[in-house]
Amino acid sequence: MRRIIPLAVLALVLVYPFVVNSFWLVQIGGRTLGFGTIVLSLVFLTAYTGMLSLAQMTVAGIGGYATAYFTAPTGGVGVLLPWPLSLLLALGLATLAGLLIGLVAVRTRGIYTLMITLAVAMAFYYLTLQNYDIFNGFTGFNNADPPVILGLDLGAPLPFFYLSAILAALCYAGVRHIVRTPFGLALQALRDEPDRVRALGYNVPLLRVLAFGLAGFIAGIGGILNLWLNASISPGSVALNPVIDVLMAGVLGGIGHPAGAYVGAFVFTVVDNFAIDFIARERFNTLIGLIFLAIVLFSPDGLTGLVRRVSTRWAGAGRRDKGATRETKDIGK
């Protein structure tokens with residue numbers, strides 16, 4: 001089963017663009033991958049360090065704003081730079097933002113970490129809303145399209161989808177690899193027993209800050225993909241609703257496993273786009289809230305947890321059936 005699922009996902013990604021229309025390709029598939037990468041940064045922090053942050057959309061917004069500032073100056077705001085340098089600066093700033101938020105948040109626990117990261121997110125939102133020298137105020141940046149490389153327009157639906165899929169796969173694989181390294185194992189140890197890790201001589205605050213920095217890098221990649229998806233960014237992109245959306249998508253998919261980030265992002269994206277077909281648009285939060293409550297009540301570890309439990313029971317039933325068959329044959333002999 002562990003080998004079948006990755007192969008099935010790979011086959012789905014390869015075939016998906018050829019069986020859906022452009023709306024499903026970009027607005028569902030592309031958005032799921034970009035938004036899911038931001039959710040992945042939250043899942044990494046929560047699942048492997050035990051820290052719950054509401055500032056991941058803020059960090060993603062910093063990456064998006066930096067990319068737009070250096071590639072799509074608007075109204076005299078911004079500096080046009082070559083796109084490779086722009087992306088490096090954007091990811092560097094997103095990582096730095098993650099580190100700085102980590103410095104503020106790592107000495108808190110539980111609800112206090114949640115609240116202080118929420119305060120940071122809201123402070124950044126009002127900064128973007130009121131600052132015109134760097135963030136261009138309420139208008140933000142427009143026409144921030146992906147680059148054209150060797151004649152290939154990355155903003156076209158098919159190249160954009162595959163670009164998003166490649167970056168999402170790299171981020172997912174990177175997280176799965178990192179959590180198996182000594183650094184990742186140390187993070188999981190301090191998640192479970194921080195006092196013992198401290199007694200072994202590890203610098204617990206430093207490890208947590210570095211985890212925030214790594215999560216910031218991942219969120220920055222998602223923020224750039226979100227910018228290119230919408231070709232614009234404004235204060236509304238980092239307001240309270242998008243901040244909470246990241247948390248809700250993580251819980252829906254399963255905040256204890258990296259795959260849950262993309263599962264939750266997909267479910268949230270589909271509901272966000274098609275809720276109007278079932279309920280008034282202004283009642284979207286009611287619908288997503290009911291889905292959220294149902295998931296939490298019946299599967300606290302999200303949809304991925306539900307799938308794991310079903311597959312485990314299925315595998316267990318299969319082993320019992322095989323065992324019963326062997327016993328029957330032995331009796332027959």
# chains A, B, ... in the order shown; residues from 1 in each chain; ligands from 1
$ select_by_dssp --residues "stretch 32-173 of chain A" --states "strand (DSSP E or B)" --output "PDB file with N, CA, C and O atoms, in the first residue's frame"
ATOM      1  N   THR A  74       4.658  48.602  -9.462  1.00  0.00           N
ATOM      2  CA  THR A  74       3.344  49.174  -9.737  1.00  0.00           C
ATOM      3  C   THR A  74       3.259  50.581  -9.168  1.00  0.00           C
ATOM      4  O   THR A  74       3.555  50.790  -7.986  1.00  0.00           O
ATOM      5  N   VAL A  77       6.183  51.984  -7.286  1.00  0.00           N
ATOM      6  CA  VAL A  77       6.633  51.229  -6.119  1.00  0.00           C
ATOM      7  C   VAL A  77       7.262  49.924  -6.595  1.00  0.00           C
ATOM      8  O   VAL A  77       6.611  49.136  -7.290  1.00  0.00           O
ATOM      9  N   PHE A 141       0.052  44.936  -5.613  1.00  0.00           N
ATOM     10  CA  PHE A 141       0.763  44.803  -6.886  1.00  0.00           C
ATOM     11  C   PHE A 141      -0.076  43.985  -7.858  1.00  0.00           C
ATOM     12  O   PHE A 141      -0.688  42.986  -7.493  1.00  0.00           O
ATOM     13  N   ASN A 142      -0.061  44.434  -9.108  1.00  0.00           N
ATOM     14  CA  ASN A 142      -0.797  43.735 -10.165  1.00  0.00           C
ATOM     15  C   ASN A 142       0.161  43.318 -11.284  1.00  0.00           C
ATOM     16  O   ASN A 142       1.311  43.752 -11.331  1.00  0.00           O
ATOM     17  N   VAL A 148       9.024  34.031 -18.336  1.00  0.00           N
ATOM     18  CA  VAL A 148       9.101  33.228 -19.560  1.00  0.00           C
ATOM     19  C   VAL A 148      10.544  32.757 -19.696  1.00  0.00           C
ATOM     20  O   VAL A 148      11.468  33.568 -19.786  1.00  0.00           O
ATOM     21  N   ILE A 149      10.744  31.446 -19.685  1.00  0.00           N
ATOM     22  CA  ILE A 149      12.091  30.876 -19.706  1.00  0.00           C
ATOM     23  C   ILE A 149      12.287  30.110 -21.005  1.00  0.00           C
ATOM     24  O   ILE A 149      11.559  29.143 -21.282  1.00  0.00           O
ATOM     25  N   LEU A 152       9.296  29.439 -22.932  1.00  0.00           N
ATOM     26  CA  LEU A 152       8.218  28.725 -22.242  1.00  0.00           C
ATOM     27  C   LEU A 152       7.564  29.668 -21.239  1.00  0.00           C
ATOM     28  O   LEU A 152       8.191  30.103 -20.276  1.00  0.00           O
ATOM     29  N   ASP A 153       6.305  29.966 -21.450  1.00  0.00           N
ATOM     30  CA  ASP A 153       5.557  30.846 -20.560  1.00  0.00           C
ATOM     31  C   ASP A 153       5.048  30.038 -19.370  1.00  0.00           C
ATOM     32  O   ASP A 153       4.118  29.237 -19.489  1.00  0.00           O
TER      33      ASP A 153
END
$ atom_distance --atom1 "atom CA of A:Gly253" --atom2 "atom CA of A:Leu154"
28.4 Å
$ residues_around --residues "A:Pro300" --least-positions-apart "2" --cutoff "12 Å" --atoms "only C-alpha atoms" --output "list in words"
Gly250, Val251, Leu252, Gly253, Gly254, Ile255, Gly256, Phe292, Leu293, Ala294, Ile295, Val296, Leu297, Phe298, Gly302, Leu303, Thr304, Gly305, Leu306 and Arg309 of chain A
$ closest_residue --among "A:Thr58, A:Thr67, A:Thr139, A:Ser22" --to "A:Leu227" --atoms "only C-alpha atoms"
A:Thr67
$ residues_around --residues "stretch 59-62 of chain A" --least-positions-apart "6" --cutoff "9 Å" --atoms "only C-alpha atoms" --output "NGL selection string"
:A and (38 or 90-91 or 93-95 or 97-98 or 121 or 215-224 or 226-227 or 233-235 or 237-238)
$ closest_residue --among "A:Val204, A:Leu42, A:Ala72, A:Ile166" --to "A:Val13" --atoms "only C-alpha atoms"
A:Ile166
$ select_by_dssp --residues "stretch 112-318 of chain A" --states "helix (DSSP H, G or I)" --output "number ranges by chain"
A: 112-130, 157-178, 182-192, 194-199, 204-230, 235-238, 240-253, 259-277, 281-298, 302-318
$ closest_residue --among "A:Leu81, A:Val43, A:Ala68, A:Leu114" --to "A:Gly140" --atoms "only C-alpha atoms"
A:Ala68
$ closest_residue --among "A:Thr117, A:Gln130, A:Ser311, A:Ser232" --to "A:Tyr65" --atoms "only C-alpha atoms"
A:Ser232
$ closest_residue --among "A:Val120, A:Tyr202, A:Trp228, A:Val179" --to "A:Pro146" --atoms "only C-alpha atoms"
A:Trp228
$ residues_around --residues "A:Ser164" --least-positions-apart "6" --cutoff "10 Å" --atoms "only C-alpha atoms" --output "list in words"
Val26, Gly29, Gly30, Arg31, Thr32, Leu33, Gly34, Thr37, Leu154, Leu158, Leu170, Ile221, Gly222, Leu225, Asn226 and Leu229 of chain A
$ write_last_selection --atoms "N, CA and C atoms" --output "tab-separated table (two decimals), in the first residue's frame"
chain	number	residue	atom	x	y	z
A	26	VAL	N	-6.10	25.00	-13.32
A	26	VAL	CA	-5.43	26.11	-12.64
A	26	VAL	C	-6.08	26.45	-11.32
A	29	GLY	N	-6.46	22.59	-9.39
A	29	GLY	CA	-5.18	21.90	-9.26
A	29	GLY	C	-4.04	22.83	-8.87
A	30	GLY	N	-3.87	23.92	-9.61
A	30	GLY	CA	-2.77	24.84	-9.31
A	30	GLY	C	-2.91	25.49	-7.96
A	31	ARG	N	-4.12	25.91	-7.62
A	31	ARG	CA	-4.31	26.54	-6.32
A	31	ARG	C	-4.09	25.55	-5.18
A	32	THR	N	-4.54	24.32	-5.35
A	32	THR	CA	-4.33	23.30	-4.33
A	32	THR	C	-2.85	23.12	-4.03
A	33	LEU	N	-2.03	23.07	-5.07
A	33	LEU	CA	-0.60	22.83	-4.88
A	33	LEU	C	0.09	24.02	-4.22
A	34	GLY	N	-0.24	25.25	-4.64
A	34	GLY	CA	0.37	26.42	-4.03
A	34	GLY	C	-0.11	26.64	-2.61
A	37	THR	N	1.17	24.01	-0.22
A	37	THR	CA	2.56	24.18	0.21
A	37	THR	C	2.65	25.12	1.41
A	154	LEU	N	5.65	30.26	-18.21
A	154	LEU	CA	5.26	29.51	-17.03
A	154	LEU	C	3.89	29.93	-16.51
A	158	LEU	N	-0.86	24.78	-18.49
A	158	LEU	CA	-0.15	23.51	-18.35
A	158	LEU	C	1.23	23.68	-17.71
A	170	LEU	N	8.82	18.65	-4.38
A	170	LEU	CA	10.12	18.88	-3.76
A	170	LEU	C	9.97	19.28	-2.29
A	221	ILE	N	7.79	29.60	-0.78
A	221	ILE	CA	7.56	28.96	-2.09
A	221	ILE	C	6.05	28.95	-2.40
A	222	GLY	N	5.25	28.60	-1.40
A	222	GLY	CA	3.81	28.62	-1.61
A	222	GLY	C	3.29	30.02	-1.89
A	225	LEU	N	3.95	30.90	-5.52
A	225	LEU	CA	2.99	30.21	-6.40
A	225	LEU	C	1.61	30.86	-6.33
A	226	ASN	N	1.21	31.27	-5.14
A	226	ASN	CA	-0.08	31.97	-5.01
A	226	ASN	C	-0.08	33.30	-5.75
A	229	LEU	N	-0.38	32.55	-9.39
A	229	LEU	CA	-1.71	32.06	-9.71
A	229	LEU	C	-2.67	33.23	-9.94
$ closest_residue --among "A:Leu10, A:Ser53, A:Ala144, A:Asp195" --to "A:Thr71" --atoms "only C-alpha atoms"
A:Ala144
$ atom_distance --atom1 "atom CA of A:Leu187" --atom2 "atom CA of A:Arg208"
7.4 Å
